[in-house]
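J.: Input structure: start_16.cif, which contains mmCIF, C-alpha atoms.
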data_model
loop_
_atom_site.label_atom_id
_atom_site.label_comp_id
_atom_site.auth_asym_id
_atom_site.auth_seq_id
_atom_site.Cartn_x
_atom_site.Cartn_y
_atom_site.Cartn_z
CA MET A 1 55.28 50.46 4.61
CA LYS A 2 54.51 53.45 2.42
CA THR A 3 57.25 54.47 0.02
CA TYR A 4 58.73 57.96 0.17
CA PRO A 5 60.49 60.42 -2.12
CA ILE A 6 64.13 60.09 -3.11
CA LYS A 7 66.46 62.82 -1.90
CA SER A 8 68.07 63.71 -5.22
CA ASP A 9 67.40 63.18 -8.92
CA LEU A 10 68.25 59.73 -10.20
CA SER A 11 71.13 59.28 -12.57
CA LEU A 12 71.76 56.14 -14.58
CA TYR A 13 75.25 55.81 -13.18
CA ILE A 14 76.89 57.31 -10.11
CA ASP A 15 80.63 57.58 -10.58
CA PRO A 16 82.47 56.88 -7.31
CA TYR A 17 85.72 58.26 -8.68
CA GLN A 18 84.31 61.80 -8.54
CA ALA A 19 83.80 61.53 -4.78
CA VAL A 20 87.21 60.21 -3.76
CA PRO A 21 89.74 62.75 -2.43
CA LYS A 22 92.19 63.62 -5.18
CA GLU A 23 95.15 62.94 -2.87
CA VAL A 24 94.05 59.32 -2.49
CA ILE A 25 93.74 58.88 -6.25
CA THR A 26 97.07 60.54 -7.00
CA GLN A 27 99.00 58.66 -4.36
CA ASN A 28 97.35 55.29 -5.01
CA PRO A 29 96.57 54.82 -8.69
CA TRP A 30 93.96 52.12 -9.35
CA HIS A 31 92.02 50.84 -12.38
CA TRP A 32 88.56 52.11 -11.28
CA ASP A 33 86.78 49.70 -13.64
CA PRO A 34 84.35 47.04 -12.30
CA SER A 35 84.68 45.08 -15.57
CA GLU A 36 88.48 44.91 -15.37
CA THR A 37 89.62 41.30 -15.11
CA ASN A 38 93.36 41.92 -15.33
CA HIS A 39 93.89 43.18 -11.79
CA LYS A 40 95.71 42.35 -8.58
CA ASP A 41 92.97 43.40 -6.17
CA GLY A 42 93.09 40.10 -4.33
CA GLY A 43 96.84 40.17 -3.94
CA SER A 44 97.15 41.67 -0.47
CA TRP A 45 96.24 38.66 1.66
CA LEU A 46 98.93 38.47 4.32
CA TYR A 47 98.57 35.30 6.40
CA ARG A 48 96.26 33.26 8.63
CA ASP A 49 96.98 34.36 12.18
CA THR A 50 96.95 31.81 14.96
CA SER A 51 98.40 33.99 17.73
CA ILE A 52 94.92 35.03 18.91
CA LYS A 53 92.06 32.79 20.03
CA TRP A 54 89.76 34.17 17.35
CA PHE A 55 86.73 32.12 18.31
CA SER A 56 87.03 33.36 21.90
CA LEU A 57 87.22 36.92 20.58
CA ALA A 58 84.11 36.28 18.44
CA GLU A 59 82.24 34.96 21.48
CA TRP A 60 83.38 37.96 23.53
CA ALA A 61 82.29 40.36 20.76
CA VAL A 62 78.87 38.76 20.43
CA ALA A 63 78.39 38.90 24.20
CA LYS A 64 79.38 42.58 24.26
CA ALA A 65 76.97 43.37 21.40
CA ASN A 66 74.21 41.60 23.32
CA GLU A 67 75.06 43.67 26.38
CA VAL A 68 75.11 46.98 24.50
CA ARG A 69 72.05 46.07 22.36
CA VAL A 70 72.11 49.31 20.32
CA PRO A 71 74.77 49.48 17.59
CA GLN A 72 76.96 52.51 18.26
CA LYS A 73 77.73 53.29 14.63
CA TYR A 74 75.44 54.10 11.71
CA TRP A 75 75.35 56.60 8.86
CA TRP A 76 72.56 59.11 8.27
CA TRP A 77 71.79 62.38 6.55
CA ASN A 78 70.63 65.23 8.74
CA GLU A 79 68.05 66.84 6.49
CA GLU A 80 67.69 69.90 8.67
CA THR A 81 71.38 70.83 8.94
CA GLU A 82 72.47 69.15 5.67
CA GLU A 83 75.17 67.20 7.45
CA VAL A 84 76.55 63.75 6.84
CA MET A 85 76.40 62.07 10.21
CA HIS A 86 78.31 59.06 11.49
CA ALA A 87 76.34 58.27 14.62
CA GLU A 88 76.39 61.61 16.49
CA ASP A 89 79.43 63.06 14.66
CA SER A 90 79.15 65.35 11.68
CA VAL A 91 81.72 64.41 9.05
CA ASN A 92 81.11 67.38 6.75
CA HIS A 93 84.68 68.51 7.41
CA CYS A 94 86.16 65.04 6.80
CA PRO A 95 87.53 63.61 3.56
CA ILE A 96 84.82 60.88 3.54
CA TYR A 97 82.15 63.56 3.01
CA GLU A 98 81.64 63.32 -0.77
CA GLN A 99 81.59 59.50 -0.73
CA ALA A 100 79.11 59.49 2.13
CA LYS A 101 76.88 61.92 0.24
CA GLN A 102 76.73 59.38 -2.60
CA TRP A 103 75.46 56.83 -0.08
CA LEU A 104 73.05 58.96 1.88
CA VAL A 105 71.76 61.58 -0.56
CA GLU A 106 72.17 60.10 -4.03
CA ASN A 107 71.21 56.71 -2.60
CA ASP A 108 69.10 55.50 0.28
CA TYR A 109 71.56 54.33 2.88
CA ASN A 110 70.47 55.43 6.30
CA GLU A 111 70.54 54.67 10.01
CA HIS A 112 68.53 51.49 9.45
CA ASN A 113 70.77 49.69 6.99
CA THR A 114 74.32 50.76 7.96
CA ARG A 115 74.44 49.84 11.65
CA TYR A 116 77.33 48.11 13.37
CA PHE A 117 78.80 47.65 16.80
CA LYS A 118 82.27 49.05 17.35
CA PHE A 119 84.65 48.22 20.19
CA ALA A 120 87.90 50.17 20.05
CA ASN A 121 91.31 50.01 21.71
CA GLU A 122 91.07 49.49 25.51
CA GLU A 123 87.41 48.53 25.13
CA LEU A 124 88.79 45.26 23.80
CA GLU A 125 89.65 44.37 27.42
CA ASP A 126 91.86 41.26 27.72
CA PHE A 127 92.26 41.08 23.95
CA TYR A 128 93.70 44.60 23.72
CA GLU A 129 97.37 43.75 24.39
CA PRO A 130 97.65 40.64 22.21
CA LEU A 131 95.82 42.38 19.36
CA LYS A 132 98.07 45.42 19.70
CA LYS A 133 101.15 43.20 19.39
CA MET A 134 100.08 42.04 15.93
CA PHE A 135 100.86 45.35 14.24
CA GLU A 136 102.60 47.64 16.75
CA ASP A 137 105.92 47.09 14.99
CA LYS A 138 104.47 48.28 11.73
CA LEU A 139 102.23 51.22 12.67
CA ASP A 140 102.65 54.48 14.58
CA ASP A 141 99.64 56.19 16.18
CA MET A 142 97.81 52.91 15.84
CA THR A 143 94.09 52.63 16.51
CA MET A 144 92.24 49.32 16.73
CA SER A 145 88.56 48.64 16.15
CA LEU A 146 86.46 45.52 16.21
CA PHE A 147 83.23 45.62 14.18
CA VAL A 148 80.21 43.39 14.72
CA GLN A 149 77.95 43.77 11.71
CA PRO A 150 74.45 42.36 12.29
CA PRO A 151 72.50 40.67 9.49
CA GLY A 152 70.87 43.10 7.07
CA GLN A 153 73.52 45.79 7.44
CA THR A 154 75.96 47.23 4.92
CA ILE A 155 79.14 49.26 4.96
CA PRO A 156 78.70 50.89 1.55
CA THR A 157 81.54 50.82 -0.98
CA HIS A 158 84.20 53.39 -0.27
CA VAL A 159 87.88 54.19 -0.24
CA ASP A 160 89.34 54.52 3.23
CA THR A 161 89.93 58.13 4.18
CA PHE A 162 90.97 57.58 7.81
CA SER A 163 88.55 60.00 9.44
CA SER A 164 89.02 58.39 12.89
CA TYR A 165 92.77 58.83 12.57
CA MET A 166 92.18 62.47 11.64
CA ARG A 167 90.01 62.92 14.72
CA LYS A 168 92.63 61.26 16.93
CA THR A 169 95.69 63.14 15.68
CA GLY A 170 94.14 66.36 14.38
CA GLU A 171 96.22 65.94 11.21
CA TYR A 172 94.92 65.86 7.64
CA PRO A 173 95.84 62.32 6.53
CA ASP A 174 99.01 61.68 4.53
CA TYR A 175 97.65 58.84 2.41
CA SER A 176 101.07 57.77 1.24
CA ARG A 177 101.87 56.59 4.78
CA LEU A 178 98.52 55.54 6.25
CA ARG A 179 97.64 51.87 6.34
CA ARG A 180 94.86 49.58 7.48
CA TYR A 181 95.06 45.88 8.25
CA MET A 182 92.05 43.66 8.74
CA THR A 183 91.46 40.20 10.18
CA PHE A 184 88.29 38.16 9.87
CA VAL A 185 87.35 37.19 13.42
CA SER A 186 84.54 34.83 12.45
CA ASP A 187 84.50 32.21 9.71
CA TRP A 188 82.71 33.04 6.49
CA ASP A 189 79.01 32.24 6.66
CA TRP A 190 75.87 32.70 4.55
CA GLY A 191 75.68 36.18 3.06
CA HIS A 192 78.92 37.47 4.57
CA TYR A 193 80.29 39.69 1.84
CA PHE A 194 83.48 41.68 1.40
CA HIS A 195 84.65 42.96 -1.94
CA TYR A 196 88.04 44.54 -2.26
CA GLY A 197 88.02 46.24 -5.62
CA ASN A 198 87.17 43.56 -8.15
CA HIS A 199 88.14 40.75 -5.81
CA VAL A 200 85.39 39.14 -3.74
CA MET A 201 86.73 37.58 -0.55
CA GLN A 202 85.01 34.26 0.00
CA PRO A 203 85.23 31.91 1.76
CA TRP A 204 87.43 33.08 4.60
CA ILE A 205 88.57 31.44 7.80
CA GLN A 206 88.93 33.20 11.15
CA GLY A 207 92.42 34.68 11.42
CA ASP A 208 92.70 35.48 7.70
CA THR A 209 94.55 38.78 7.66
CA TRP A 210 94.63 41.32 4.85
CA ASP A 211 96.70 44.38 4.11
CA LEU A 212 94.03 46.81 2.90
CA VAL A 213 96.33 48.80 0.67
CA PRO A 214 94.95 52.30 0.21
CA GLY A 215 93.02 53.60 -2.76
CA ILE A 216 91.03 50.47 -3.63
CA TYR A 217 87.25 50.80 -3.66
CA HIS A 218 85.77 48.27 -1.25
CA GLY A 219 82.73 47.51 0.85
CA SER A 220 81.04 44.85 2.90
CA ALA A 221 77.64 43.60 3.87
CA ASN A 222 76.08 41.01 6.06
CA CYS A 223 73.30 39.52 3.99
CA GLY A 224 73.19 36.39 6.08
CA VAL A 225 71.77 35.29 9.39
CA THR A 226 74.73 35.35 11.80
CA PRO A 227 76.91 38.32 12.83
CA LYS A 228 79.98 39.14 10.74
CA ILE A 229 82.94 40.15 12.86
CA THR A 230 86.13 41.87 11.69
CA MET A 231 89.12 43.45 13.40
CA HIS A 232 90.88 46.53 12.03
CA TRP A 233 94.20 48.24 12.74
CA SER A 234 94.93 51.72 11.34
CA GLY A 235 97.96 53.94 11.61
CA LYS A 236 100.96 55.46 9.98
CA LEU A 237 103.59 53.11 8.54
CA LYS A 238 106.79 53.30 10.56
CA MET B 239 66.58 33.22 21.61
CA ASN B 240 68.91 36.09 20.90
CA ILE B 241 69.82 37.16 17.37
CA TYR B 242 73.45 37.63 18.26
CA GLU B 243 73.97 34.10 19.48
CA LYS B 244 76.40 32.32 17.19
CA GLN B 245 73.98 29.44 16.76
CA ASP B 246 70.75 31.16 16.05
CA TYR B 247 67.24 30.37 15.05
CA PHE B 248 67.93 30.27 11.29
CA GLN B 249 71.06 28.17 11.78
CA SER B 250 69.08 25.57 13.73
CA TYR B 251 66.57 25.45 10.88
CA LEU B 252 69.38 24.90 8.35
CA ASP B 253 70.90 22.23 10.60
CA ASP B 254 67.53 20.45 10.79
CA LYS B 255 67.40 20.44 7.01
CA LYS B 256 71.03 19.26 6.86
CA VAL B 257 71.94 22.29 4.75
CA SER B 258 75.60 23.14 5.25
CA LEU B 259 78.10 25.40 3.52
CA ASP B 260 80.64 22.63 4.07
CA ASN B 261 78.93 20.71 1.27
CA HIS B 262 79.91 22.30 -2.02
CA TYR B 263 77.14 22.89 -4.54
CA GLU B 264 78.55 22.75 -8.07
CA ILE B 265 77.07 25.57 -10.05
CA SER B 266 79.03 25.60 -13.30
CA PRO B 267 76.63 23.26 -15.19
CA LEU B 268 73.79 25.65 -14.30
CA GLU B 269 75.41 28.77 -15.74
CA THR B 270 75.03 30.24 -19.22
CA HIS B 271 74.81 33.54 -21.04
CA VAL B 272 71.93 34.95 -23.06
CA GLU B 273 71.69 37.89 -25.44
CA PHE B 274 68.69 40.15 -24.94
CA ASN B 275 66.75 41.64 -27.85
CA ILE B 276 67.68 45.11 -26.64
CA HIS B 277 70.57 46.63 -24.74
CA TRP B 278 70.21 46.45 -20.96
CA SER B 279 69.96 50.25 -20.70
CA GLY B 280 66.70 50.03 -22.70
CA ILE B 281 65.28 47.64 -20.10
CA VAL B 282 66.24 50.03 -17.29
CA LYS B 283 64.67 52.90 -19.23
CA TRP B 284 61.44 50.90 -19.67
CA ALA B 285 61.39 50.22 -15.92
CA GLU B 286 61.76 53.89 -15.13
CA GLU B 287 58.99 54.83 -17.56
CA ASN B 288 56.69 52.22 -16.02
CA ARG B 289 57.56 52.72 -12.37
CA ASN B 290 53.92 53.45 -11.55
CA ARG B 291 53.10 49.88 -12.62
CA ALA B 292 55.73 48.27 -10.41
CA ILE B 293 55.12 46.66 -7.07
CA PHE B 294 57.20 48.08 -4.24
CA LYS B 295 57.66 45.69 -1.38
CA SER B 296 59.81 44.78 1.57
CA ILE B 297 59.97 41.78 3.87
CA GLU B 298 56.50 40.83 4.99
CA PRO B 299 55.61 37.49 6.50
CA ILE B 300 51.86 37.97 6.39
CA ARG B 301 51.29 36.59 2.92
CA PRO B 302 48.85 33.71 3.27
CA PHE B 303 49.36 32.48 -0.30
CA ILE B 304 52.96 31.48 0.31
CA PRO B 305 53.83 28.05 1.70
CA ALA B 306 54.46 27.60 5.40
CA ASP B 307 58.17 26.93 4.92
CA SER B 308 58.69 30.18 2.97
CA MET B 309 56.71 32.04 5.61
CA ARG B 310 58.94 30.54 8.28
CA GLN B 311 62.06 31.68 6.40
CA SER B 312 60.69 35.23 6.27
CA VAL B 313 59.85 35.27 9.96
CA MET B 314 63.32 33.96 10.85
CA ALA B 315 64.92 36.56 8.59
CA MET B 316 62.97 39.32 10.33
CA TRP B 317 64.11 37.93 13.64
CA ALA B 318 67.71 37.99 12.38
CA GLY B 319 67.50 41.70 11.44
CA TYR B 320 65.73 42.17 8.11
CA ASN B 321 63.15 44.91 8.03
CA GLN B 322 61.38 47.39 5.79
CA HIS B 323 64.55 49.47 5.43
CA ASN B 324 66.99 46.84 4.19
CA SER B 325 64.81 44.54 2.06
CA GLN B 326 63.10 46.84 -0.44
CA GLU B 327 62.36 45.58 -3.94
CA TRP B 328 60.84 47.12 -7.06
CA ASN B 329 59.17 44.43 -9.12
CA TRP B 330 57.69 44.62 -12.64
CA GLY B 331 55.86 41.87 -14.53
CA LEU B 332 52.83 40.92 -12.49
CA GLU B 333 50.46 42.49 -15.01
CA PRO B 334 50.12 40.28 -18.12
CA GLU B 335 50.95 43.14 -20.49
CA ASP B 336 54.14 43.90 -18.55
CA ASN B 337 55.08 40.22 -18.52
CA HIS B 338 54.60 40.24 -22.30
CA ALA B 339 56.63 43.43 -22.76
CA LEU B 340 59.50 41.98 -20.73
CA LYS B 341 59.45 38.78 -22.79
CA LEU B 342 59.79 40.81 -25.98
CA MET B 343 62.81 42.64 -24.54
CA ILE B 344 64.42 39.36 -23.52
CA GLY B 345 63.73 37.74 -26.87
CA ARG B 346 62.81 34.27 -28.12
CA ASP B 347 66.42 33.16 -28.54
CA ALA B 348 67.09 33.64 -24.84
CA PHE B 349 64.12 31.49 -23.83
CA TYR B 350 65.27 28.86 -26.30
CA LYS B 351 68.73 28.88 -24.75
CA LEU B 352 67.28 28.54 -21.25
CA ASN B 353 65.12 25.67 -22.54
CA LEU B 354 61.92 27.27 -21.26
CA ASP B 355 58.44 27.47 -22.72
CA MET B 356 58.27 31.17 -23.52
CA GLU B 357 54.48 31.36 -23.71
CA THR B 358 53.84 30.27 -20.13
CA CYS B 359 56.95 31.79 -18.53
CA MET B 360 56.56 34.29 -15.75
CA VAL B 361 59.12 37.07 -15.98
CA ARG B 362 59.84 39.49 -13.20
CA LEU B 363 62.18 42.45 -13.47
CA LEU B 364 63.63 43.24 -10.04
CA GLN B 365 65.40 46.38 -8.94
CA TYR B 366 67.47 46.30 -5.76
CA ASN B 367 68.80 49.68 -4.82
CA PRO B 368 71.99 50.13 -2.77
CA GLY B 369 71.57 48.95 0.81
CA GLN B 370 68.84 46.43 -0.03
CA ILE B 371 69.08 42.68 0.50
CA LEU B 372 67.00 39.68 -0.48
CA HIS B 373 67.54 37.43 2.52
CA LEU B 374 68.49 33.75 2.56
CA HIS B 375 65.61 31.69 1.19
CA THR B 376 64.47 28.93 -1.12
CA ASP B 377 62.01 29.28 -3.98
CA SER B 378 58.75 27.36 -4.06
CA TYR B 379 57.50 28.54 -7.52
CA ASN B 380 54.13 28.71 -5.83
CA GLY B 381 52.79 31.67 -7.83
CA PHE B 382 53.64 29.87 -11.06
CA LYS B 383 52.12 26.58 -9.92
CA ASP B 384 48.92 28.32 -8.86
CA ARG B 385 48.51 29.68 -12.37
CA TYR B 386 49.79 26.83 -14.53
CA GLY B 387 49.79 23.76 -12.29
CA ASP B 388 52.61 21.36 -11.48
CA GLY B 389 55.19 20.04 -13.89
CA LYS B 390 58.88 20.31 -14.68
CA ILE B 391 59.38 23.86 -13.46
CA THR B 392 62.53 25.84 -12.90
CA ARG B 393 63.71 29.40 -12.32
CA TRP B 394 66.59 31.36 -13.79
CA PHE B 395 68.36 34.42 -12.45
CA VAL B 396 69.43 36.61 -15.36
CA ALA B 397 71.55 39.74 -14.86
CA VAL B 398 70.27 42.87 -16.58
CA THR B 399 72.78 45.46 -15.40
CA PRO B 400 76.40 44.32 -15.58
CA TRP B 401 78.10 43.70 -12.25
CA ASP B 402 79.10 46.75 -10.29
CA TRP B 403 80.97 46.98 -7.01
CA GLY B 404 78.82 45.67 -4.15
CA HIS B 405 76.40 43.64 -6.28
CA MET B 406 76.18 39.97 -5.36
CA LEU B 407 74.24 36.74 -5.62
CA GLN B 408 75.00 33.77 -3.41
CA VAL B 409 73.73 30.34 -4.46
CA HIS B 410 74.50 27.90 -1.68
CA ASP B 411 78.29 28.28 -1.22
CA ASN B 412 78.88 30.10 -4.53
CA MET B 413 79.36 33.85 -4.33
CA ILE B 414 78.54 35.10 -7.80
CA SER B 415 79.88 38.46 -8.92
CA LYS B 416 81.75 40.13 -11.77
CA TYR B 417 79.14 39.01 -14.29
CA ASP B 418 78.10 40.64 -17.56
CA SER B 419 74.62 41.61 -18.60
CA GLY B 420 72.93 38.41 -19.79
CA TYR B 421 74.69 36.14 -17.29
CA ALA B 422 72.18 33.45 -16.31
CA VAL B 423 72.15 30.82 -13.59
CA GLU B 424 69.45 28.27 -12.85
CA ILE B 425 68.15 28.37 -9.28
CA LYS B 426 66.65 24.97 -8.65
CA GLU B 427 63.78 24.44 -6.22
CA GLY B 428 64.97 24.03 -2.65
CA VAL B 429 68.44 25.54 -3.16
CA PHE B 430 69.22 28.23 -0.60
CA HIS B 431 70.26 31.56 -2.07
CA LEU B 432 70.30 35.30 -1.39
CA SER B 433 71.30 38.51 -3.13
CA ALA B 434 72.26 42.05 -2.23
CA ASN B 435 73.36 45.44 -3.36
CA ALA B 436 76.07 46.93 -1.16
CA GLY B 437 77.22 49.35 -3.84
CA ILE B 438 76.16 52.78 -5.04
CA ASN B 439 74.33 51.92 -8.27
CA PRO B 440 71.04 50.04 -8.70
CA LYS B 441 71.02 46.32 -9.52
CA TYR B 442 68.45 45.10 -12.06
CA THR B 443 67.88 41.39 -12.63
CA PHE B 444 65.29 39.12 -14.17
CA THR B 445 63.81 36.05 -12.60
CA ILE B 446 62.28 33.81 -15.22
CA THR B 447 60.12 30.94 -14.03
CA GLY B 448 58.70 28.41 -16.42
CA PHE B 449 58.16 24.90 -17.69
CA ILE B 450 61.26 23.15 -18.94
CA ASN B 451 60.88 22.17 -22.61
CA ASP B 452 61.05 18.42 -23.24
#
Before we go any further, please render this structure as structure tokens.

T.:
Amino acid sequence: MKTYPIKSDLSLYIDPYQAVPKEVITQNPWHWDPSETNHKDGGSWLYRDTSIKWFSLAEWAVAKANEVRVPQKYWWWNEETEEVMHAEDSVNHCPIYEQAKQWLVENDYNEHNTRYFKFANEELEDFYEPLKKMFEDKLDDMTMSLFVQPPGQTIPTHVDTFSSYMRKTGEYPDYSRLRRYMTFVSDWDWGHYFHYGNHVMQPWIQGDTWDLVPGIYHGSANCGVTPKITMHWSGKLK
Amino acid sequence: MNIYEKQDYFQSYLDDKKVSLDNHYEISPLETHVEFNIHWSGIVKWAEENRNRAIFKSIEPIRPFIPADSMRQSVMAMWAGYNQHNSQEWNWGLEPEDNHALKLMIGRDAFYKLNLDMETCMVRLLQYNPGQILHLHTDSYNGFKDRYGDGKITRWFVAVTPWDWGHMLQVHDNMISKYDSGYAVEIKEGVFHLSANAGINPKYTFTITGFIND
């Protein structure tokens, strides 16, 4: 492969804080220091769920990914229109925009290293109802997504800005009420990586469920050899 | 065989070798900390000034000088999903004068602490930019052996830039993060490991390969 020019000038340090919507920072104060050791970033583990047959869901998800073959979701920069794209959707009007520009313009994330399969809501077929039951008492306007992240792919570090929720409801998010929960569908394996602020989650067991409290910088990658599968619930706290 | 099968190609290879994450690999005796002769930002600055001397590479199995087992690991990694877009590495130190310059920046005290023969050591400065991964593999020290022959050889990972969000090194079942500049861990021959940058700032590290002092 021949190398190619970078999109913007290099800087010694890119400060993520500058790209996070001010409402998120104001409503959810956080330390914003990777060297901070006195933190509670790992304190929002909820429980290990056994109400779902997680291995069956993992097998179902892998089979669906094999059927679809082409990951539906990926991030890229449209050079021509200067738009941040999430698959075929421009997110220039969404609160994730500045963070995504740090990935795609100031760095070299692209459609080749950010791919994942996404199965949402009714697409979850027989698993839809039991998965919905897990958090329907806690969340209004709930959306559910299952991600299958193939080896070699990254979801770059970010603060959740709930763009999908915004698309669904047409409302600008009220970050003081929005919430996301996550369950690991597959057991931890080689190279499966999830950092939540300064806490690195490892090893995990299928069913491990986290309250992803807003405003904490986090990201994940699959640097291993088997798919990493996670389930996400988003909505407004009742 | 399909890459999205739970039990894939690479997993079968690990099973054949009886390599399992269920068996804990104790890493604490292999960890230490070294002080460089200069601040880490000076090393990054040197890299930037000498970028034209660096090797830029990505996963590539067609390298006849590497052993068959390493070649097999690369091919399996490509089959699993690694490609020229998610495995890019900038690498300084191949040229003898660069190797020498890097040794001076690291400093004699650090080599002494790592118990390595500084004169024959091979130092490589690696830059992994965000989104880039060094896939699961073992080291063979083959390049070193070709130059200096066999002996008591080892390799150290030494962090140049302090840990930032998304930076990681996994050595067997140990996920290593939140380290300072100068954090060092010995990566023994045959131990499976990998590293990645899922953040937004570059990750610079040294690998130092050399003869262990008696």

J.: What does the distance between CA of Asp160 in chain A and CA of Pro95 in chain A come to in Å, to one decimal place?

T.: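 The value is 9.3 Å.
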
J.: Residue by residue, what does the PyMOL selection byres ((chain A) within 7 of (chain B)) grab here? Present the result as a ChimeraX atom specification.

T.: /A:1,13-14,34-35,62,66,103,107-109,112-113,151-152,154,156-157,191,195,219-221,223-227

J.: Just C-alpha atoms for this one: save the residues we selected as an mmCIF file, keeping the file's coordinate frame.

T.:
data_model
loop_
_atom_site.group_PDB
_atom_site.id
_atom_site.type_symbol
_atom_site.label_atom_id
_atom_site.label_comp_id
_atom_site.auth_asym_id
_atom_site.auth_seq_id
_atom_site.Cartn_x
_atom_site.Cartn_y
_atom_site.Cartn_z
ATOM 1 C CA MET A 1 55.280 50.460 4.610
ATOM 2 C CA TYR A 13 75.250 55.810 -13.180
ATOM 3 C CA ILE A 14 76.890 57.310 -10.110
ATOM 4 C CA PRO A 34 84.350 47.040 -12.300
ATOM 5 C CA SER A 35 84.680 45.080 -15.570
ATOM 6 C CA VAL A 62 78.870 38.760 20.430
ATOM 7 C CA ASN A 66 74.210 41.600 23.320
ATOM 8 C CA TRP A 103 75.460 56.830 -0.080
ATOM 9 C CA ASN A 107 71.210 56.710 -2.600
ATOM 10 C CA ASP A 108 69.100 55.500 0.280
ATOM 11 C CA TYR A 109 71.560 54.330 2.880
ATOM 12 C CA HIS A 112 68.530 51.490 9.450
ATOM 13 C CA ASN A 113 70.770 49.690 6.990
ATOM 14 C CA PRO A 151 72.500 40.670 9.490
ATOM 15 C CA GLY A 152 70.870 43.100 7.070
ATOM 16 C CA THR A 154 75.960 47.230 4.920
ATOM 17 C CA PRO A 156 78.700 50.890 1.550
ATOM 18 C CA THR A 157 81.540 50.820 -0.980
ATOM 19 C CA GLY A 191 75.680 36.180 3.060
ATOM 20 C CA HIS A 195 84.650 42.960 -1.940
ATOM 21 C CA GLY A 219 82.730 47.510 0.850
ATOM 22 C CA SER A 220 81.040 44.850 2.900
ATOM 23 C CA ALA A 221 77.640 43.600 3.870
ATOM 24 C CA CYS A 223 73.300 39.520 3.990
ATOM 25 C CA GLY A 224 73.190 36.390 6.080
ATOM 26 C CA VAL A 225 71.770 35.290 9.390
ATOM 27 C CA THR A 226 74.730 35.350 11.800
ATOM 28 C CA PRO A 227 76.910 38.320 12.830
#

J.: Just how far from CA of Ser176 in chain A is CA of Tyr116 in chain A, in Å to one decimal?

T.: 28.4 Å

J.: Since I can't run it myself right now, could you work out what the PyMOL selection byres ((chain A and resi 75) around 9) selects here and report it as JSON, numbers by chain?

T.: {"A": [73, 74, 76, 77, 84, 85, 86, 87, 100, 103, 104, 109, 110, 111, 112, 113, 114, 115]}

J.: Report as CSV the residues of range 324-398 of chain B within 7 Å of range 425-429 of chain B, each with its shortest atom pair and distance in Å (one decimal), using only C-alpha atoms, ordered by chain and increasing residue number.

T.:
residue,atom,partner,partner_atom,distance
B:Thr376,CA,B:Gly428,CA,5.2
B:Asp377,CA,B:Glu427,CA,5.6
B:Ser378,CA,B:Glu427,CA,6.2
B:Thr392,CA,B:Lys426,CA,6.0
B:Arg393,CA,B:Ile425,CA,5.5
B:Trp394,CA,B:Ile425,CA,5.6
B:Phe395,CA,B:Ile425,CA,6.8

J.: Can you tell me which residues surround Thr50 in chain A at a distance of at most 12 Å, considering all atoms listed in the file, apart from same-chain residues fewer than 3 positions away, and format the answer as JSON, numbers by chain?

T.: {"A": [47, 53, 54, 55, 130, 131, 134, 183, 184, 185, 205, 206, 207, 208, 209]}

J.: Could you tell me how far CA of Val159 in chain A lies from CA of Tyr217 in chain A, in Å and to one decimal?

T.: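 Between these atoms lies a distance of 4.9 Å.
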
J.: Counting only C-alpha atoms, which of A:Trp233, A:Phe135, A:Trp204, A:Tyr97 gets nearest to Arg180 in chain A?

T.: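 Closest residue, counting only C-alpha atoms: A:Trp233.
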
J.: Taking the file as shown, find all residues satisfying the PyMOL selection byres ((chain B and resi 360) around 8) and write them as a PyMOL selection string.

T.: chain B and resi 331+337+358-359+361-362+382+446-448

J.: Next, the residues of the selection above should be written as a PDB file, keeping the file's coordinate frame with C-alpha atoms.

T.:
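And here is the file that came out, again-v1.pdb:
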ATOM      1  CA  GLY B 331      55.860  41.870 -14.530  1.00  0.00           C
ATOM      2  CA  ASN B 337      55.080  40.220 -18.520  1.00  0.00           C
ATOM      3  CA  THR B 358      53.840  30.270 -20.130  1.00  0.00           C
ATOM      4  CA  CYS B 359      56.950  31.790 -18.530  1.00  0.00           C
ATOM      5  CA  VAL B 361      59.120  37.070 -15.980  1.00  0.00           C
ATOM      6  CA  ARG B 362      59.840  39.490 -13.200  1.00  0.00           C
ATOM      7  CA  PHE B 382      53.640  29.870 -11.060  1.00  0.00           C
ATOM      8  CA  ILE B 446      62.280  33.810 -15.220  1.00  0.00           C
ATOM      9  CA  THR B 447      60.120  30.940 -14.030  1.00  0.00           C
ATOM     10  CA  GLY B 448      58.700  28.410 -16.420  1.00  0.00           C
TER      11      GLY B 448
END

J.: Write out as a list in words each polymer residue whose atoms come within 12 Å of Arg291 in chain B, counting all atoms listed in the file; drop sequence neighbours fewer than 6 positions from it.

T.: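 Once the adjacent positions are removed, what remains is Trp284, Ala285, Trp328, Asn329, Trp330, Gly331, Leu332, Glu333, Pro334, Glu335, Asp336, Asn337 and Leu363 of chain B.
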
J.: Could you turn the residues from that selection into a file that holds C-alpha atoms, as an mmCIF file, in the frame of the given file?

T.:
data_model
loop_
_atom_site.group_PDB
_atom_site.id
_atom_site.type_symbol
_atom_site.label_atom_id
_atom_site.label_comp_id
_atom_site.auth_asym_id
_atom_site.auth_seq_id
_atom_site.Cartn_x
_atom_site.Cartn_y
_atom_site.Cartn_z
ATOM 1 C CA TRP B 284 61.440 50.900 -19.670
ATOM 2 C CA ALA B 285 61.390 50.220 -15.920
ATOM 3 C CA TRP B 328 60.840 47.120 -7.060
ATOM 4 C CA ASN B 329 59.170 44.430 -9.120
ATOM 5 C CA TRP B 330 57.690 44.620 -12.640
ATOM 6 C CA GLY B 331 55.860 41.870 -14.530
ATOM 7 C CA LEU B 332 52.830 40.920 -12.490
ATOM 8 C CA GLU B 333 50.460 42.490 -15.010
ATOM 9 C CA PRO B 334 50.120 40.280 -18.120
ATOM 10 C CA GLU B 335 50.950 43.140 -20.490
ATOM 11 C CA ASP B 336 54.140 43.900 -18.550
ATOM 12 C CA ASN B 337 55.080 40.220 -18.520
ATOM 13 C CA LEU B 363 62.180 42.450 -13.470
#
